[in-house]
Amino acid sequence: MSKNKIEINNLDFYYGDFQALQDISLEVPENKVTALIGPSGCGKSTFIRTINRMNDLIEIAITDGEVKVDGQDIYHPSVDVVDLRKRVGMVFQHPNPFPKSIYENVAYGPRIHGIKDKNKLDQIVEESLKSAALWDEVKDKLDASAFGISGGQKQRLCIARALAINPDVLLMDEPTSALDPIATGKIEDLVDELKQDYTIVMVTHSMQQAARISDYTAFFFMGELIEHGPTEKIFENPENQKTEDYITGRFG
Ligand SMILES: Nc1ncnc2c1ncn2[C@@H]1O[C@H](COP(=O)(O)OP(=O)(O)OP(=O)(O)O)[C@@H](O)[C@H]1O
């Protein structure tokens, strides 16, 4: 049994007067992939963004309840958000490299965190690109613009950029929805590799994807967490009728 990396207790979330998440409690085991599924607008993205306080950037956001990473309540006033986001990295739906070279995209984070030594940066860039299964494809053009590579390569570059600051947790918000099936397959294989070293939480619209790559699945519906558990159990023997209706394609 692996330990819980993240623990969420009685989490409520509001956009102004609108309550987008209601009383969510969820445990996320370490070195596993947890998939968040549910119909559009059910709160998956809002929820994943509470785990690295990305919602802080929204002025009307109100978060209530407890989100713990490694046992520490990340909403406690003593928490340094920059440090938190170093531990909890994020990859978005649309690959969003900076308008810089491939090398600089990966070196940017470590540099901001104070690493100046060129050899050390070279080493981090190489290791991060290798971990993101992109090194072989870009090693001869590290100084080329990050805009000149394919969509799937850009997304792996964004994963390398997230890995470069050495997080423990990787949040992925629909990381393959803008990619073709081949690029999607590569990211899925990569996620399977990465879980050896990282705890991964991933929003996906694709139930097939959740079934293929996640260890645990959480089903959200209208701001509530309806059911969560081992992926096989959720897909083969769900306890809640709404979960069953969703996974059998009756709505969503
Ligand atoms: N910045 C915002 N301000 C106000 N309401 C918002 C904001 N962002 C999201 N919402 C609302 O919160 C609810 C949950 O949205 P969220 O994006 O978390 O859902 P989702 O499950 O990720 O949807 P999708 O699968 O379509 O991406 C929706 O009703 C949405 O309209």
# chains A, B, ... in the order shown; residues from 1 in each chain; ligands from 1
call {"tool": "select_by_dssp", "arguments": {"residues": "range 103-198 of chain A", "states": "helix (DSSP H, G or I)", "output": "JSON, numbers by chain"}}
result
{"A": [103, 104, 105, 106, 107, 108, 109, 110, 111, 112, 118, 119, 120, 121, 122, 123, 124, 125, 126, 127, 128, 129, 130, 131, 135, 136, 137, 138, 146, 147, 148, 151, 152, 153, 154, 155, 156, 157, 158, 159, 160, 161, 162, 163, 181, 182, 183, 184, 185, 186, 187, 188, 189, 190, 191, 192, 193, 194]}
call {"tool": "write_last_selection", "arguments": {"atoms": "C-alpha atoms", "output": "PDB file, in the first residue's frame"}}
result
ATOM      1  CA  TYR A 103      17.093  24.708 -24.242  1.00  0.00           C
ATOM      2  CA  GLU A 104      15.921  27.954 -22.641  1.00  0.00           C
ATOM      3  CA  ASN A 105      12.409  26.609 -22.100  1.00  0.00           C
ATOM      4  CA  VAL A 106      13.791  23.868 -19.873  1.00  0.00           C
ATOM      5  CA  ALA A 107      16.569  25.931 -18.258  1.00  0.00           C
ATOM      6  CA  TYR A 108      14.223  28.804 -17.373  1.00  0.00           C
ATOM      7  CA  GLY A 109      12.751  27.319 -14.169  1.00  0.00           C
ATOM      8  CA  PRO A 110      16.041  26.117 -12.663  1.00  0.00           C
ATOM      9  CA  ARG A 111      17.610  29.507 -13.492  1.00  0.00           C
ATOM     10  CA  ILE A 112      14.779  31.339 -11.688  1.00  0.00           C
ATOM     11  CA  LYS A 118      26.229  26.297 -17.200  1.00  0.00           C
ATOM     12  CA  ASN A 119      27.324  22.680 -16.753  1.00  0.00           C
ATOM     13  CA  LYS A 120      24.668  22.107 -14.136  1.00  0.00           C
ATOM     14  CA  LEU A 121      22.002  23.672 -16.379  1.00  0.00           C
ATOM     15  CA  ASP A 122      23.167  21.559 -19.341  1.00  0.00           C
ATOM     16  CA  GLN A 123      22.811  18.485 -17.172  1.00  0.00           C
ATOM     17  CA  ILE A 124      19.303  19.425 -15.976  1.00  0.00           C
ATOM     18  CA  VAL A 125      18.171  20.198 -19.528  1.00  0.00           C
ATOM     19  CA  GLU A 126      19.446  16.861 -20.807  1.00  0.00           C
ATOM     20  CA  GLU A 127      17.983  14.862 -17.924  1.00  0.00           C
ATOM     21  CA  SER A 128      14.607  16.612 -18.105  1.00  0.00           C
ATOM     22  CA  LEU A 129      14.348  16.121 -21.862  1.00  0.00           C
ATOM     23  CA  LYS A 130      15.305  12.461 -21.444  1.00  0.00           C
ATOM     24  CA  SER A 131      12.695  12.005 -18.712  1.00  0.00           C
ATOM     25  CA  TRP A 135      15.899  14.166 -25.925  1.00  0.00           C
ATOM     26  CA  ASP A 136      16.591  12.008 -28.972  1.00  0.00           C
ATOM     27  CA  GLU A 137      14.282  14.105 -31.116  1.00  0.00           C
ATOM     28  CA  VAL A 138      15.707  17.511 -30.147  1.00  0.00           C
ATOM     29  CA  ALA A 146      10.400  25.865 -29.289  1.00  0.00           C
ATOM     30  CA  PHE A 147       7.693  27.019 -31.699  1.00  0.00           C
ATOM     31  CA  GLY A 148       9.257  24.999 -34.527  1.00  0.00           C
ATOM     32  CA  GLY A 151       2.325  19.771 -31.017  1.00  0.00           C
ATOM     33  CA  GLY A 152       3.173  16.480 -29.337  1.00  0.00           C
ATOM     34  CA  GLN A 153       6.822  17.499 -29.012  1.00  0.00           C
ATOM     35  CA  LYS A 154       5.750  20.863 -27.572  1.00  0.00           C
ATOM     36  CA  GLN A 155       3.679  19.088 -24.942  1.00  0.00           C
ATOM     37  CA  ARG A 156       6.621  16.830 -24.018  1.00  0.00           C
ATOM     38  CA  LEU A 157       8.764  19.984 -23.853  1.00  0.00           C
ATOM     39  CA  CYS A 158       6.252  21.463 -21.392  1.00  0.00           C
ATOM     40  CA  ILE A 159       6.509  18.256 -19.371  1.00  0.00           C
ATOM     41  CA  ALA A 160      10.326  18.547 -19.452  1.00  0.00           C
ATOM     42  CA  ARG A 161       9.999  22.166 -18.331  1.00  0.00           C
ATOM     43  CA  ALA A 162       7.833  21.070 -15.399  1.00  0.00           C
ATOM     44  CA  LEU A 163      10.268  18.260 -14.476  1.00  0.00           C
ATOM     45  CA  PRO A 181      -3.549   9.739 -31.501  1.00  0.00           C
ATOM     46  CA  ILE A 182       0.166   9.027 -32.048  1.00  0.00           C
ATOM     47  CA  ALA A 183       1.305  11.980 -29.940  1.00  0.00           C
ATOM     48  CA  THR A 184      -1.339  11.023 -27.358  1.00  0.00           C
ATOM     49  CA  GLY A 185       0.054   7.484 -27.190  1.00  0.00           C
ATOM     50  CA  LYS A 186       3.538   8.870 -26.541  1.00  0.00           C
ATOM     51  CA  ILE A 187       2.305  11.044 -23.667  1.00  0.00           C
ATOM     52  CA  GLU A 188       0.376   8.105 -22.206  1.00  0.00           C
ATOM     53  CA  ASP A 189       3.488   5.899 -22.322  1.00  0.00           C
ATOM     54  CA  LEU A 190       5.431   8.709 -20.732  1.00  0.00           C
ATOM     55  CA  VAL A 191       2.916   9.135 -17.896  1.00  0.00           C
ATOM     56  CA  ASP A 192       3.236   5.431 -17.203  1.00  0.00           C
ATOM     57  CA  GLU A 193       7.020   5.839 -16.914  1.00  0.00           C
ATOM     58  CA  LEU A 194       6.888   9.015 -14.865  1.00  0.00           C
TER      59      LEU A 194
END
call {"tool": "closest_atom_pairs", "arguments": {"of": "chain A", "to": "ligand 1", "cutoff": "12 Å", "atoms": "only C-alpha atoms and all ligand atoms", "output": "JSON lines"}}
result
{"residue": "A:Phe13", "atom": "CA", "partner": "ligand 1", "partner_atom_place_in_ligand_line": "12 (O)", "distance": 9.3}
{"residue": "A:Tyr14", "atom": "CA", "partner": "ligand 1", "partner_atom_place_in_ligand_line": "5 (N)", "distance": 8.2}
{"residue": "A:Tyr15", "atom": "CA", "partner": "ligand 1", "partner_atom_place_in_ligand_line": "4 (C)", "distance": 4.9}
{"residue": "A:Gly16", "atom": "CA", "partner": "ligand 1", "partner_atom_place_in_ligand_line": "4 (C)", "distance": 7.4}
{"residue": "A:Asp17", "atom": "CA", "partner": "ligand 1", "partner_atom_place_in_ligand_line": "4 (C)", "distance": 9.1}
{"residue": "A:Phe18", "atom": "CA", "partner": "ligand 1", "partner_atom_place_in_ligand_line": "5 (N)", "distance": 7.0}
{"residue": "A:Gln19", "atom": "CA", "partner": "ligand 1", "partner_atom_place_in_ligand_line": "12 (O)", "distance": 7.7}
{"residue": "A:Ala20", "atom": "CA", "partner": "ligand 1", "partner_atom_place_in_ligand_line": "12 (O)", "distance": 4.9}
{"residue": "A:Leu21", "atom": "CA", "partner": "ligand 1", "partner_atom_place_in_ligand_line": "14 (C)", "distance": 7.7}
{"residue": "A:Gln22", "atom": "CA", "partner": "ligand 1", "partner_atom_place_in_ligand_line": "14 (C)", "distance": 11.1}
{"residue": "A:Leu36", "atom": "CA", "partner": "ligand 1", "partner_atom_place_in_ligand_line": "21 (O)", "distance": 8.8}
{"residue": "A:Ile37", "atom": "CA", "partner": "ligand 1", "partner_atom_place_in_ligand_line": "21 (O)", "distance": 7.8}
{"residue": "A:Gly38", "atom": "CA", "partner": "ligand 1", "partner_atom_place_in_ligand_line": "21 (O)", "distance": 6.4}
{"residue": "A:Pro39", "atom": "CA", "partner": "ligand 1", "partner_atom_place_in_ligand_line": "25 (O)", "distance": 6.0}
{"residue": "A:Ser40", "atom": "CA", "partner": "ligand 1", "partner_atom_place_in_ligand_line": "26 (O)", "distance": 3.6}
{"residue": "A:Gly41", "atom": "CA", "partner": "ligand 1", "partner_atom_place_in_ligand_line": "19 (O)", "distance": 3.5}
{"residue": "A:Cys42", "atom": "CA", "partner": "ligand 1", "partner_atom_place_in_ligand_line": "21 (O)", "distance": 3.9}
{"residue": "A:Gly43", "atom": "CA", "partner": "ligand 1", "partner_atom_place_in_ligand_line": "18 (O)", "distance": 3.3}
{"residue": "A:Lys44", "atom": "CA", "partner": "ligand 1", "partner_atom_place_in_ligand_line": "21 (O)", "distance": 3.9}
{"residue": "A:Ser45", "atom": "CA", "partner": "ligand 1", "partner_atom_place_in_ligand_line": "22 (O)", "distance": 3.6}
{"residue": "A:Thr46", "atom": "CA", "partner": "ligand 1", "partner_atom_place_in_ligand_line": "18 (O)", "distance": 3.6}
{"residue": "A:Phe47", "atom": "CA", "partner": "ligand 1", "partner_atom_place_in_ligand_line": "18 (O)", "distance": 6.3}
{"residue": "A:Ile48", "atom": "CA", "partner": "ligand 1", "partner_atom_place_in_ligand_line": "18 (O)", "distance": 8.2}
{"residue": "A:Arg49", "atom": "CA", "partner": "ligand 1", "partner_atom_place_in_ligand_line": "18 (O)", "distance": 8.5}
{"residue": "A:Thr50", "atom": "CA", "partner": "ligand 1", "partner_atom_place_in_ligand_line": "18 (O)", "distance": 10.1}
{"residue": "A:Met54", "atom": "CA", "partner": "ligand 1", "partner_atom_place_in_ligand_line": "1 (N)", "distance": 11.1}
{"residue": "A:Asn55", "atom": "CA", "partner": "ligand 1", "partner_atom_place_in_ligand_line": "1 (N)", "distance": 8.4}
{"residue": "A:Asp56", "atom": "CA", "partner": "ligand 1", "partner_atom_place_in_ligand_line": "1 (N)", "distance": 10.7}
{"residue": "A:Leu57", "atom": "CA", "partner": "ligand 1", "partner_atom_place_in_ligand_line": "1 (N)", "distance": 9.5}
{"residue": "A:Ile58", "atom": "CA", "partner": "ligand 1", "partner_atom_place_in_ligand_line": "1 (N)", "distance": 6.4}
{"residue": "A:Glu59", "atom": "CA", "partner": "ligand 1", "partner_atom_place_in_ligand_line": "1 (N)", "distance": 8.7}
{"residue": "A:Ile60", "atom": "CA", "partner": "ligand 1", "partner_atom_place_in_ligand_line": "3 (N)", "distance": 7.5}
{"residue": "A:Ala61", "atom": "CA", "partner": "ligand 1", "partner_atom_place_in_ligand_line": "3 (N)", "distance": 7.8}
{"residue": "A:Ile62", "atom": "CA", "partner": "ligand 1", "partner_atom_place_in_ligand_line": "3 (N)", "distance": 11.0}
{"residue": "A:Phe92", "atom": "CA", "partner": "ligand 1", "partner_atom_place_in_ligand_line": "27 (O)", "distance": 11.2}
{"residue": "A:Gln93", "atom": "CA", "partner": "ligand 1", "partner_atom_place_in_ligand_line": "27 (O)", "distance": 9.3}
{"residue": "A:Met172", "atom": "CA", "partner": "ligand 1", "partner_atom_place_in_ligand_line": "22 (O)", "distance": 11.7}
{"residue": "A:Asp173", "atom": "CA", "partner": "ligand 1", "partner_atom_place_in_ligand_line": "22 (O)", "distance": 8.2}
{"residue": "A:Glu174", "atom": "CA", "partner": "ligand 1", "partner_atom_place_in_ligand_line": "27 (O)", "distance": 8.2}
{"residue": "A:Pro175", "atom": "CA", "partner": "ligand 1", "partner_atom_place_in_ligand_line": "27 (O)", "distance": 11.7}
{"residue": "A:Ser177", "atom": "CA", "partner": "ligand 1", "partner_atom_place_in_ligand_line": "27 (O)", "distance": 10.5}
{"residue": "A:Met202", "atom": "CA", "partner": "ligand 1", "partner_atom_place_in_ligand_line": "22 (O)", "distance": 11.1}
{"residue": "A:Val203", "atom": "CA", "partner": "ligand 1", "partner_atom_place_in_ligand_line": "22 (O)", "distance": 7.6}
{"residue": "A:Thr204", "atom": "CA", "partner": "ligand 1", "partner_atom_place_in_ligand_line": "25 (O)", "distance": 7.8}
{"residue": "A:His205", "atom": "CA", "partner": "ligand 1", "partner_atom_place_in_ligand_line": "25 (O)", "distance": 6.5}
{"residue": "A:Ser206", "atom": "CA", "partner": "ligand 1", "partner_atom_place_in_ligand_line": "25 (O)", "distance": 10.2}
{"residue": "A:Ala218", "atom": "CA", "partner": "ligand 1", "partner_atom_place_in_ligand_line": "21 (O)", "distance": 11.9}
{"residue": "A:Phe219", "atom": "CA", "partner": "ligand 1", "partner_atom_place_in_ligand_line": "21 (O)", "distance": 10.2}
{"residue": "A:Phe220", "atom": "CA", "partner": "ligand 1", "partner_atom_place_in_ligand_line": "21 (O)", "distance": 7.6}
{"residue": "A:Phe221", "atom": "CA", "partner": "ligand 1", "partner_atom_place_in_ligand_line": "21 (O)", "distance": 8.1}
{"residue": "A:Met222", "atom": "CA", "partner": "ligand 1", "partner_atom_place_in_ligand_line": "14 (C)", "distance": 7.8}
{"residue": "A:Gly223", "atom": "CA", "partner": "ligand 1", "partner_atom_place_in_ligand_line": "14 (C)", "distance": 6.9}
{"residue": "A:Glu224", "atom": "CA", "partner": "ligand 1", "partner_atom_place_in_ligand_line": "14 (C)", "distance": 10.4}
{"residue": "A:Leu225", "atom": "CA", "partner": "ligand 1", "partner_atom_place_in_ligand_line": "21 (O)", "distance": 11.2}
{"residue": "A:Gly252", "atom": "CA", "partner": "ligand 1", "partner_atom_place_in_ligand_line": "25 (O)", "distance": 9.7}
call {"tool": "atom_distance", "arguments": {"atom1": "CA of Lys100 in chain A", "atom2": "CA of Ile51 in chain A"}}
result
28.2 Å
call {"tool": "select_by_dssp", "arguments": {"residues": "range 37-181 of chain A", "states": "strand (DSSP E)", "output": "list in words"}}
result
Ile37, Ala61, Ile62, Thr63, Asp64, Gly65, Glu66, Val67, Lys68, Val69, Gln72, Asp73, Val88, Gly89, Met90, Val91, Val169, Leu170, Leu171, Met172 and Asp173 of chain A
call {"tool": "write_last_selection", "arguments": {"atoms": "N, CA and C atoms", "output": "compact mmCIF listing (two decimals), in the first residue's frame"}}
result
# COMPACT_ATOMS: atom_id res chain seq x y z
N ILE A 37 -12.35 12.39 -13.84
CA ILE A 37 -13.26 12.34 -14.98
C ILE A 37 -14.61 12.95 -14.59
N ALA A 61 -12.02 34.05 -6.48
CA ALA A 61 -11.96 32.67 -5.97
C ALA A 61 -11.95 32.63 -4.44
N ILE A 62 -12.74 31.73 -3.89
CA ILE A 62 -12.72 31.50 -2.44
C ILE A 62 -12.56 29.99 -2.22
N THR A 63 -11.54 29.62 -1.45
CA THR A 63 -11.29 28.21 -1.18
C THR A 63 -11.46 27.98 0.31
N ASP A 64 -12.18 26.92 0.64
CA ASP A 64 -12.43 26.63 2.05
C ASP A 64 -12.22 25.12 2.25
N GLY A 65 -11.62 24.74 3.35
CA GLY A 65 -11.34 23.32 3.57
C GLY A 65 -9.85 23.09 3.54
N GLU A 66 -9.46 21.84 3.43
CA GLU A 66 -8.04 21.52 3.61
C GLU A 66 -7.49 20.78 2.39
N VAL A 67 -6.34 21.27 1.90
CA VAL A 67 -5.61 20.53 0.87
C VAL A 67 -4.20 20.31 1.42
N LYS A 68 -3.86 19.06 1.67
CA LYS A 68 -2.54 18.78 2.24
C LYS A 68 -1.65 18.09 1.22
N VAL A 69 -0.42 18.57 1.11
CA VAL A 69 0.59 17.89 0.30
C VAL A 69 1.70 17.50 1.27
N GLN A 72 1.23 18.78 4.76
CA GLN A 72 1.21 20.22 5.05
C GLN A 72 0.00 20.87 4.37
N ASP A 73 -0.78 21.63 5.14
CA ASP A 73 -1.92 22.34 4.56
C ASP A 73 -1.40 23.48 3.68
N VAL A 88 4.84 21.11 -6.78
CA VAL A 88 3.64 20.63 -7.49
C VAL A 88 3.60 21.31 -8.85
N GLY A 89 4.15 20.64 -9.86
CA GLY A 89 4.24 21.21 -11.20
C GLY A 89 2.95 21.00 -11.97
N MET A 90 2.81 21.76 -13.07
CA MET A 90 1.57 21.65 -13.84
C MET A 90 1.81 21.70 -15.34
N VAL A 91 1.03 20.89 -16.04
CA VAL A 91 1.05 20.87 -17.50
C VAL A 91 -0.38 21.11 -17.97
N VAL A 169 5.03 16.21 -7.49
CA VAL A 169 3.68 15.99 -8.02
C VAL A 169 3.58 16.67 -9.38
N LEU A 170 2.92 15.99 -10.30
CA LEU A 170 2.69 16.57 -11.62
C LEU A 170 1.18 16.61 -11.85
N LEU A 171 0.65 17.82 -12.02
CA LEU A 171 -0.77 17.98 -12.34
C LEU A 171 -0.89 18.15 -13.84
N MET A 172 -1.78 17.40 -14.45
CA MET A 172 -1.93 17.49 -15.91
C MET A 172 -3.40 17.70 -16.23
N ASP A 173 -3.69 18.86 -16.83
CA ASP A 173 -5.09 19.19 -17.14
C ASP A 173 -5.35 18.91 -18.62
call {"tool": "closest_residue", "arguments": {"among": "A:Gln196, A:Lys32, A:Asp70, A:Ser145", "to": "Pro97 in chain A", "atoms": "only C-alpha atoms"}}
result
A:Ser145
call {"tool": "closest_residue", "arguments": {"among": "A:Ile234, A:Leu84, A:Ala210, A:Val201", "to": "Glu27 in chain A", "atoms": "only C-alpha atoms"}}
result
A:Val201
call {"tool": "atom_distance", "arguments": {"atom1": "CA of Thr231 in chain A", "atom2": "CA of Val28 in chain A"}}
result
12.8 Å
call {"tool": "closest_residue", "arguments": {"among": "A:Gln241, A:Pro29, A:Ala35, A:Pro167", "to": "Lys3 in chain A", "atoms": "only C-alpha atoms"}}
result
A:Pro29
call {"tool": "closest_residue", "arguments": {"among": "A:Ile8, A:Leu179, A:Ala164, A:Met207", "to": "Arg87 in chain A", "atoms": "only C-alpha atoms"}}
result
A:Ala164
